[in-house]
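Novice: Supplied in structure tokens, the structure appears directly below.
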Amino acid sequence: MTVRSDASVRRAALTAVSLAMFCVQLDAFALNPALPRIGRDLGAGAGLPWVVSGYLLAAASLMLGAGRLGDVLGRRALLTTGLAVFGGASLVCALSPSLPVLVGARVVQGAGGALAMPVGLALLTHVYPPALRGRALGWAMGVGGVATACGPFAGGVLTEAVSWRAVFWLNVPVAAVAAGCAARAAEPRAARRPRPVDGKGLAAATSAVAALAVVTDRGPVWGWASGRTATALALTGALFLVFVRYERAAPHPLVSPALLRNRPFVALTAAGAVANAATVVFLFVVPMSLQGPWRLSAAAAGAAFLAPAAAMSVAGPLAGRIAPARAAGAMAGCLGLGGAGLCAAPLAASLPGYILLATGCGAALGVAGALTLIATQAAAGPERAGEASGLTKTAVTAAAGLGVALCAPAAGTSLTTAGVSCLAAALPLAAGARRGLRRDPGGERTD
């Protein structure tokens with residue numbers, strides 16, 4: 001293969017993964033402002049939240065298994081399949097005549113996104129050399145960050161100017177282009193790990209994560225002290241115990257014990273989960289506060305939020321330039337800055353001061369979120385790229401559900417809670433960075 005063809009393969013892979021992340025992240029956040037219009041158009045009421053919840057539950061439940069399947073079946077093949085499923089489901093969403101059809105298509109859409117996200121990151125890890133890998137992952141994170149930050153605003157604009165269906169129509173050509181690029185992104189043969197899939201472990205893990213996702217989604221509705229929540233929590237715990245039992249006995253476990261003993265990977269994933277939960281709170285509460293306490297119109301609030309959104313969207317490429325050896329320290333610093341900003345924002349005395357604090361928070365949380373996926377890939381190494389990205393994406397997606405649960409009517413309380421959580425997560429990560437976490441020649445991590 002020539003240098004030119006190598007570069008072409010890399011560009012195709014980066015384009016495919018970036019577009020996949022854009023679509024998946026956009027649809028996670030763009031539908032919230034469109035729910036009232038969807039309800040009116042489809043004559044629906046009580047079931048409307050499932051338009052968002054069904055998508056997130058499916059995505060959270062399947063990412064862990066998707067990452068492992070990508071290691072076995074091929075990341076390019078699974079990425080192409082996931083994009084095809086996502087695009088097809090988007091078409092059904094755009095044409096949905098009723099709420100049950102829309103919710104069903106959203107579940108399938110979430111499943112397609114779950115297939116595409118972790119294997120896409122693992123594919124970039126394999127097709128890019130170490131010197132370029134961080135920047136490639138950073139650019140993909142940046143494109144996804146644009147969709148994350150601008151999703152609610154874009155969804156509101158499209159709904160008002162055209163229709164809520166326009167959000168789904170946008171996905172169809174983008175997913176098609178991404179799938180075409182993925183098909184051209186050849187995967188190195190050495191990247192394949194032809195081991196059997198632990199079917200029992202896969203089923204148990206998917207069921208356990210699905211149960212946890214239901215708890216985080218329905219807990220605020222049922223009440224955290226209700227019998228239904230307690231039953232769902234007990235079921236979640238039992239399923240996780242079943243998963244652990246299967247994994248201990250499996251000759252080829254779904255999640256390698258070596259990965260769970262990898263201290264930097266575990267520490268970065270845990271801190272990234274906190275960062276993602278705080279980011280979700282930030283994205284929900286700040287636009288709401290601009291329209292509430294600060295009394296801006298929807299259009300003015302959207303314009304005011306452009307600065308925090310822009311800061312968050314450029315964070316991915318910046319994170320990609322941070323050397324893996326410095327990732328833990330940089331992420332701890334970003335969590336500290338973001339946490340301090342979140343705690344200070346409710347105390348802002350003026351609108352410019354509030355927007356300035358929100359912009360700083362957007363930049364800090366954006367870098368922390370991007371570093372989660374970039375640094376965990378470096379910590380795990382290419383040999384476990386799919387497995388690692390699946391586990392990390394599952395953790396941060398489940399944390400996003402907890403972030404939604406934190407978005408109480410008292411916006412200041414939600415921001416403060418998220419800020420304190422970030423500060424608490426920064427301390428052990430900073431301590432680990434000072435001890436100089438490193439990777440040993442055997443592929444595991446030590447202090």
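We label chains A, B, ... in the order they appear in the structure tokens, count residues from 1 in each chain, and number ligands from 1 in the order shown.
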Could you list, as a PyMOL selection string, every residue within 6 Å of range 332-344 of chain A, counting only C-alpha atoms and ignoring same-chain residues fewer than 4 positions away?

Specialist: chain A and resi 357+361+364-365+368+415-416+419+422-423+426+429-430

Novice: Residues at most 7 Å from range 109-115 of chain A, counting only C-alpha atoms, excluding those fewer than 4 positions away in the same chain, as a list in words?

Specialist: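 Within the cut-off, the hits are Val24, Tyr55, Leu56, Ala58, Ala59, Leu62, Met63, Ala66, Leu78, Leu79, Gly82, Leu83, Val85, Phe86, Ala89, Ser90, Ala105 and Val119 of chain A.
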
Novice: From the list A:Arg68, A:Val420, A:Leu356, A:Ala208, which residue is nearest His252 in chain A when using only C-alpha atoms?

Specialist: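 Counting only C-alpha atoms, the residue closest to His252 in chain A is A:Arg68.
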
Novice: From a backbone DSSP assignment, name each residue in range 110-304 of chain A labelled alpha helix (DSSP H), as a ChimeraX atom specification.

Specialist: /A:110-127,130-161,165-184,199-222,227-249,257-260,263-291,298-304

Novice: For range 203-207 of chain A, find every residue with an atom within 8 Å (counting only C-alpha atoms), except residues of its own chain fewer than 6 positions away, and show them as number ranges by chain.

Specialist: A: 61-62, 64-65, 239-240, 242-243

Novice: Please produce an output containing C-alpha atoms for each residue in the selection, written as a PDB file, in the first residue's frame.

Specialist:
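Output file selection19.pdb is given in full below:
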ATOM      1  CA  SER A  61     -27.495  -0.991  26.434  1.00  0.00           C
ATOM      2  CA  LEU A  62     -25.680  -2.114  23.304  1.00  0.00           C
ATOM      3  CA  LEU A  64     -20.461  -2.600  25.496  1.00  0.00           C
ATOM      4  CA  GLY A  65     -21.274  -5.590  23.301  1.00  0.00           C
ATOM      5  CA  LEU A 239     -28.107  -9.006  36.429  1.00  0.00           C
ATOM      6  CA  PHE A 240     -24.681  -7.538  37.120  1.00  0.00           C
ATOM      7  CA  VAL A 242     -24.962 -12.873  36.813  1.00  0.00           C
ATOM      8  CA  PHE A 243     -22.649 -11.091  34.386  1.00  0.00           C
TER       9      PHE A 243
END

Novice: Would you write out, as JSON lines, a table of all residues in range 98-171 of chain A that have an atom no more than 10 Å from an atom of range 297-313 of chain A, listing for each the closest atom pair and the distance in Å to one decimal, considering only C-alpha atoms and ordering rows by chain and rising residue number?

Specialist:
{"residue": "A:Trp139", "atom": "CA", "partner": "A:Ser313", "partner_atom": "CA", "distance": 9.7}
{"residue": "A:Met141", "atom": "CA", "partner": "A:Ser313", "partner_atom": "CA", "distance": 8.4}
{"residue": "A:Gly142", "atom": "CA", "partner": "A:Ser313", "partner_atom": "CA", "distance": 5.3}
{"residue": "A:Val143", "atom": "CA", "partner": "A:Ser313", "partner_atom": "CA", "distance": 6.9}
{"residue": "A:Gly144", "atom": "CA", "partner": "A:Ser313", "partner_atom": "CA", "distance": 7.8}
{"residue": "A:Gly145", "atom": "CA", "partner": "A:Ser313", "partner_atom": "CA", "distance": 4.7}
{"residue": "A:Val146", "atom": "CA", "partner": "A:Ser313", "partner_atom": "CA", "distance": 4.6}
{"residue": "A:Ala147", "atom": "CA", "partner": "A:Ser313", "partner_atom": "CA", "distance": 8.2}
{"residue": "A:Thr148", "atom": "CA", "partner": "A:Ser313", "partner_atom": "CA", "distance": 8.2}
{"residue": "A:Ala149", "atom": "CA", "partner": "A:Ala309", "partner_atom": "CA", "distance": 4.9}
{"residue": "A:Cys150", "atom": "CA", "partner": "A:Ala309", "partner_atom": "CA", "distance": 6.2}
{"residue": "A:Gly151", "atom": "CA", "partner": "A:Ala309", "partner_atom": "CA", "distance": 9.7}
{"residue": "A:Pro152", "atom": "CA", "partner": "A:Gly302", "partner_atom": "CA", "distance": 8.9}
{"residue": "A:Phe153", "atom": "CA", "partner": "A:Gly302", "partner_atom": "CA", "distance": 5.9}
{"residue": "A:Ala154", "atom": "CA", "partner": "A:Gly302", "partner_atom": "CA", "distance": 9.1}
{"residue": "A:Gly156", "atom": "CA", "partner": "A:Ala298", "partner_atom": "CA", "distance": 8.9}
{"residue": "A:Val157", "atom": "CA", "partner": "A:Ala299", "partner_atom": "CA", "distance": 8.7}

Novice: Could you please take those selected residues and save N, CA, C and O atoms as an mmCIF file, in the first residue's frame?

Specialist:
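Output below, filename again_18.cif:
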data_model
loop_
_atom_site.group_PDB
_atom_site.id
_atom_site.type_symbol
_atom_site.label_atom_id
_atom_site.label_comp_id
_atom_site.auth_asym_id
_atom_site.auth_seq_id
_atom_site.Cartn_x
_atom_site.Cartn_y
_atom_site.Cartn_z
ATOM 1 N N TRP A 139 -10.206 15.314 16.415
ATOM 2 C CA TRP A 139 -11.073 15.920 15.401
ATOM 3 C C TRP A 139 -12.441 15.249 15.372
ATOM 4 O O TRP A 139 -13.466 15.916 15.242
ATOM 5 N N MET A 141 -13.889 13.789 17.908
ATOM 6 C CA MET A 141 -14.561 14.276 19.115
ATOM 7 C C MET A 141 -15.082 15.696 18.915
ATOM 8 O O MET A 141 -16.162 16.060 19.389
ATOM 9 N N GLY A 142 -14.296 16.519 18.212
ATOM 10 C CA GLY A 142 -14.715 17.894 17.976
ATOM 11 C C GLY A 142 -15.974 17.981 17.148
ATOM 12 O O GLY A 142 -16.880 18.772 17.448
ATOM 13 N N VAL A 143 -16.065 17.172 16.104
ATOM 14 C CA VAL A 143 -17.281 17.162 15.279
ATOM 15 C C VAL A 143 -18.473 16.694 16.104
ATOM 16 O O VAL A 143 -19.568 17.254 16.028
ATOM 17 N N GLY A 144 -18.251 15.646 16.916
ATOM 18 C CA GLY A 144 -19.317 15.201 17.803
ATOM 19 C C GLY A 144 -19.682 16.265 18.819
ATOM 20 O O GLY A 144 -20.852 16.424 19.171
ATOM 21 N N GLY A 145 -18.675 17.026 19.280
ATOM 22 C CA GLY A 145 -18.936 18.093 20.239
ATOM 23 C C GLY A 145 -19.788 19.207 19.652
ATOM 24 O O GLY A 145 -20.608 19.804 20.358
ATOM 25 N N VAL A 146 -19.596 19.509 18.370
ATOM 26 C CA VAL A 146 -20.444 20.513 17.713
ATOM 27 C C VAL A 146 -21.909 20.089 17.790
ATOM 28 O O VAL A 146 -22.791 20.888 18.136
ATOM 29 N N ALA A 147 -22.174 18.820 17.475
ATOM 30 C CA ALA A 147 -23.553 18.324 17.514
ATOM 31 C C ALA A 147 -24.095 18.313 18.937
ATOM 32 O O ALA A 147 -25.259 18.646 19.166
ATOM 33 N N THR A 148 -23.250 17.939 19.900
ATOM 34 C CA THR A 148 -23.688 17.908 21.294
ATOM 35 C C THR A 148 -24.072 19.295 21.785
ATOM 36 O O THR A 148 -25.131 19.494 22.392
ATOM 37 N N ALA A 149 -23.191 20.263 21.528
ATOM 38 C CA ALA A 149 -23.417 21.611 22.032
ATOM 39 C C ALA A 149 -24.540 22.337 21.313
ATOM 40 O O ALA A 149 -25.296 23.097 21.926
ATOM 41 N N CYS A 150 -24.648 22.113 20.010
ATOM 42 C CA CYS A 150 -25.633 22.848 19.207
ATOM 43 C C CYS A 150 -26.925 22.063 18.973
ATOM 44 O O CYS A 150 -27.842 22.576 18.332
ATOM 45 N N GLY A 151 -26.972 20.818 19.464
ATOM 46 C CA GLY A 151 -28.135 19.978 19.209
ATOM 47 C C GLY A 151 -29.454 20.605 19.600
ATOM 48 O O GLY A 151 -30.381 20.702 18.770
ATOM 49 N N PRO A 152 -29.623 21.052 20.853
ATOM 50 C CA PRO A 152 -30.913 21.651 21.228
ATOM 51 C C PRO A 152 -31.273 22.876 20.398
ATOM 52 O O PRO A 152 -32.430 23.042 19.994
ATOM 53 N N PHE A 153 -30.279 23.736 20.140
ATOM 54 C CA PHE A 153 -30.541 24.937 19.348
ATOM 55 C C PHE A 153 -30.927 24.564 17.922
ATOM 56 O O PHE A 153 -31.911 25.079 17.370
ATOM 57 N N ALA A 154 -30.153 23.629 17.310
ATOM 58 C CA ALA A 154 -30.456 23.206 15.937
ATOM 59 C C ALA A 154 -31.816 22.539 15.852
ATOM 60 O O ALA A 154 -32.586 22.768 14.895
ATOM 61 N N GLY A 156 -34.401 23.069 17.784
ATOM 62 C CA GLY A 156 -35.439 24.085 17.900
ATOM 63 C C GLY A 156 -35.615 24.891 16.626
ATOM 64 O O GLY A 156 -36.737 25.158 16.192
ATOM 65 N N VAL A 157 -34.487 25.275 16.001
ATOM 66 C CA VAL A 157 -34.550 26.064 14.764
ATOM 67 C C VAL A 157 -35.209 25.264 13.639
ATOM 68 O O VAL A 157 -36.093 25.764 12.922
#

Novice: For Arg248 in chain A, which residue out of A:Arg165, A:Lys200, A:Arg321, A:Arg263 is the nearest one, using only C-alpha atoms?

Specialist: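 Answer, going by the shortest atom-to-atom distance: A:Lys200.
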
Novice: Within 9 Å of Ala395 in chain A, counting only C-alpha atoms, which residues show up once you throw out same-chain ones fewer than 2 positions away? Write them as a short mmCIF file (atom, residue, chain, number, x, y, z; two decimals) with all heavy atoms, in the first residue's frame, please.

Specialist:
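The resulting file, result-v6.cif, is reproduced below:
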data_model
loop_
_atom_site.label_atom_id
_atom_site.label_comp_id
_atom_site.auth_asym_id
_atom_site.auth_seq_id
_atom_site.Cartn_x
_atom_site.Cartn_y
_atom_site.Cartn_z
N ALA A 60 -27.25 3.04 25.17
CA ALA A 60 -26.50 2.68 26.36
C ALA A 60 -26.39 1.17 26.52
O ALA A 60 -25.36 0.64 26.93
CB ALA A 60 -27.15 3.29 27.60
N LEU A 64 -21.48 -1.70 24.95
CA LEU A 64 -20.46 -2.60 25.50
C LEU A 64 -20.27 -3.81 24.59
O LEU A 64 -19.15 -4.16 24.22
CB LEU A 64 -20.85 -3.05 26.90
CG LEU A 64 -19.87 -4.02 27.59
CD1 LEU A 64 -18.49 -3.39 27.71
CD2 LEU A 64 -20.40 -4.43 28.96
N THR A 269 -11.84 6.49 32.85
CA THR A 269 -13.24 6.20 32.53
C THR A 269 -14.18 6.72 33.61
O THR A 269 -15.22 7.32 33.32
CB THR A 269 -13.44 4.69 32.33
OG1 THR A 269 -12.66 4.24 31.22
CG2 THR A 269 -14.90 4.36 32.07
N ALA A 270 -13.81 6.50 34.89
CA ALA A 270 -14.65 6.97 35.98
C ALA A 270 -14.74 8.50 35.99
O ALA A 270 -15.84 9.07 36.13
CB ALA A 270 -14.09 6.47 37.32
N GLY A 272 -14.26 10.42 33.42
CA GLY A 272 -15.00 10.81 32.22
C GLY A 272 -16.50 10.66 32.38
O GLY A 272 -17.28 11.45 31.83
N ALA A 273 -16.92 9.65 33.15
CA ALA A 273 -18.35 9.49 33.40
C ALA A 273 -18.89 10.68 34.17
O ALA A 273 -19.98 11.21 33.88
CB ALA A 273 -18.60 8.19 34.17
N GLY A 390 -15.96 0.38 23.91
CA GLY A 390 -17.30 -0.05 24.27
C GLY A 390 -17.58 0.14 25.74
O GLY A 390 -18.65 0.63 26.13
N LEU A 391 -16.61 -0.22 26.59
CA LEU A 391 -16.79 -0.07 28.03
C LEU A 391 -16.85 1.40 28.42
O LEU A 391 -17.70 1.82 29.23
CB LEU A 391 -15.64 -0.77 28.76
CG LEU A 391 -15.71 -0.82 30.29
CD1 LEU A 391 -17.00 -1.47 30.75
CD2 LEU A 391 -14.51 -1.57 30.84
N THR A 392 -15.96 2.22 27.84
CA THR A 392 -15.95 3.64 28.17
C THR A 392 -17.23 4.33 27.71
O THR A 392 -17.84 5.11 28.45
CB THR A 392 -14.73 4.33 27.53
OG1 THR A 392 -13.54 3.70 28.00
CG2 THR A 392 -14.69 5.80 27.89
N LYS A 393 -17.66 4.05 26.48
CA LYS A 393 -18.88 4.67 25.97
C LYS A 393 -20.10 4.24 26.78
O LYS A 393 -21.02 5.03 27.00
CB LYS A 393 -19.08 4.31 24.49
CG LYS A 393 -18.17 5.07 23.53
CD LYS A 393 -18.44 6.57 23.56
CE LYS A 393 -19.84 6.92 23.12
NZ LYS A 393 -20.08 8.38 23.19
N THR A 397 -22.29 7.04 28.69
CA THR A 397 -23.68 7.16 28.28
C THR A 397 -24.62 6.92 29.45
O THR A 397 -25.63 7.62 29.61
CB THR A 397 -23.99 6.16 27.15
OG1 THR A 397 -23.09 6.38 26.06
CG2 THR A 397 -25.42 6.33 26.64
N ALA A 398 -24.30 5.92 30.29
CA ALA A 398 -25.10 5.71 31.50
C ALA A 398 -25.02 6.93 32.41
O ALA A 398 -26.02 7.33 33.03
CB ALA A 398 -24.61 4.46 32.23
N ALA A 399 -23.84 7.54 32.48
CA ALA A 399 -23.69 8.75 33.30
C ALA A 399 -24.53 9.90 32.75
O ALA A 399 -25.02 10.75 33.51
CB ALA A 399 -22.23 9.17 33.35
N ALA A 400 -24.71 9.95 31.42
CA ALA A 400 -25.55 10.98 30.84
C ALA A 400 -26.98 10.87 31.36
O ALA A 400 -27.65 11.88 31.60
CB ALA A 400 -25.54 10.87 29.31
#

Novice: Here is a test: counting only C-alpha atoms, which residue of A:Gly138, A:Pro346, A:Pro36, A:Pro100 is nearest to Thr372 in chain A?

Specialist: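 Residue with the minimum atom-to-atom distance to Thr372 in chain A: A:Gly138.
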
Novice: Identify, on the basis of only C-alpha atoms, every residue whose closest approach to Ala122 in chain A does not exceed 10 Å; exclude the query and any residue fewer than 5 positions from it along the same chain; express the result as a PyMOL selection string.

Specialist: chain A and resi 17+67+70-71+75-76+117+127+137+191+377+381-390

Novice: Quick one, how far is CA of Ala271 in chain A from CA of Gly366 in chain A?

Specialist: 13.2 Å

Novice: Tell me which of A:Val172, A:Val221, A:Leu283, A:Ala249 sits closest to Cys23 in chain A, counting only C-alpha atoms.

Specialist: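 Smallest distance to Cys23 in chain A is found for A:Val172.
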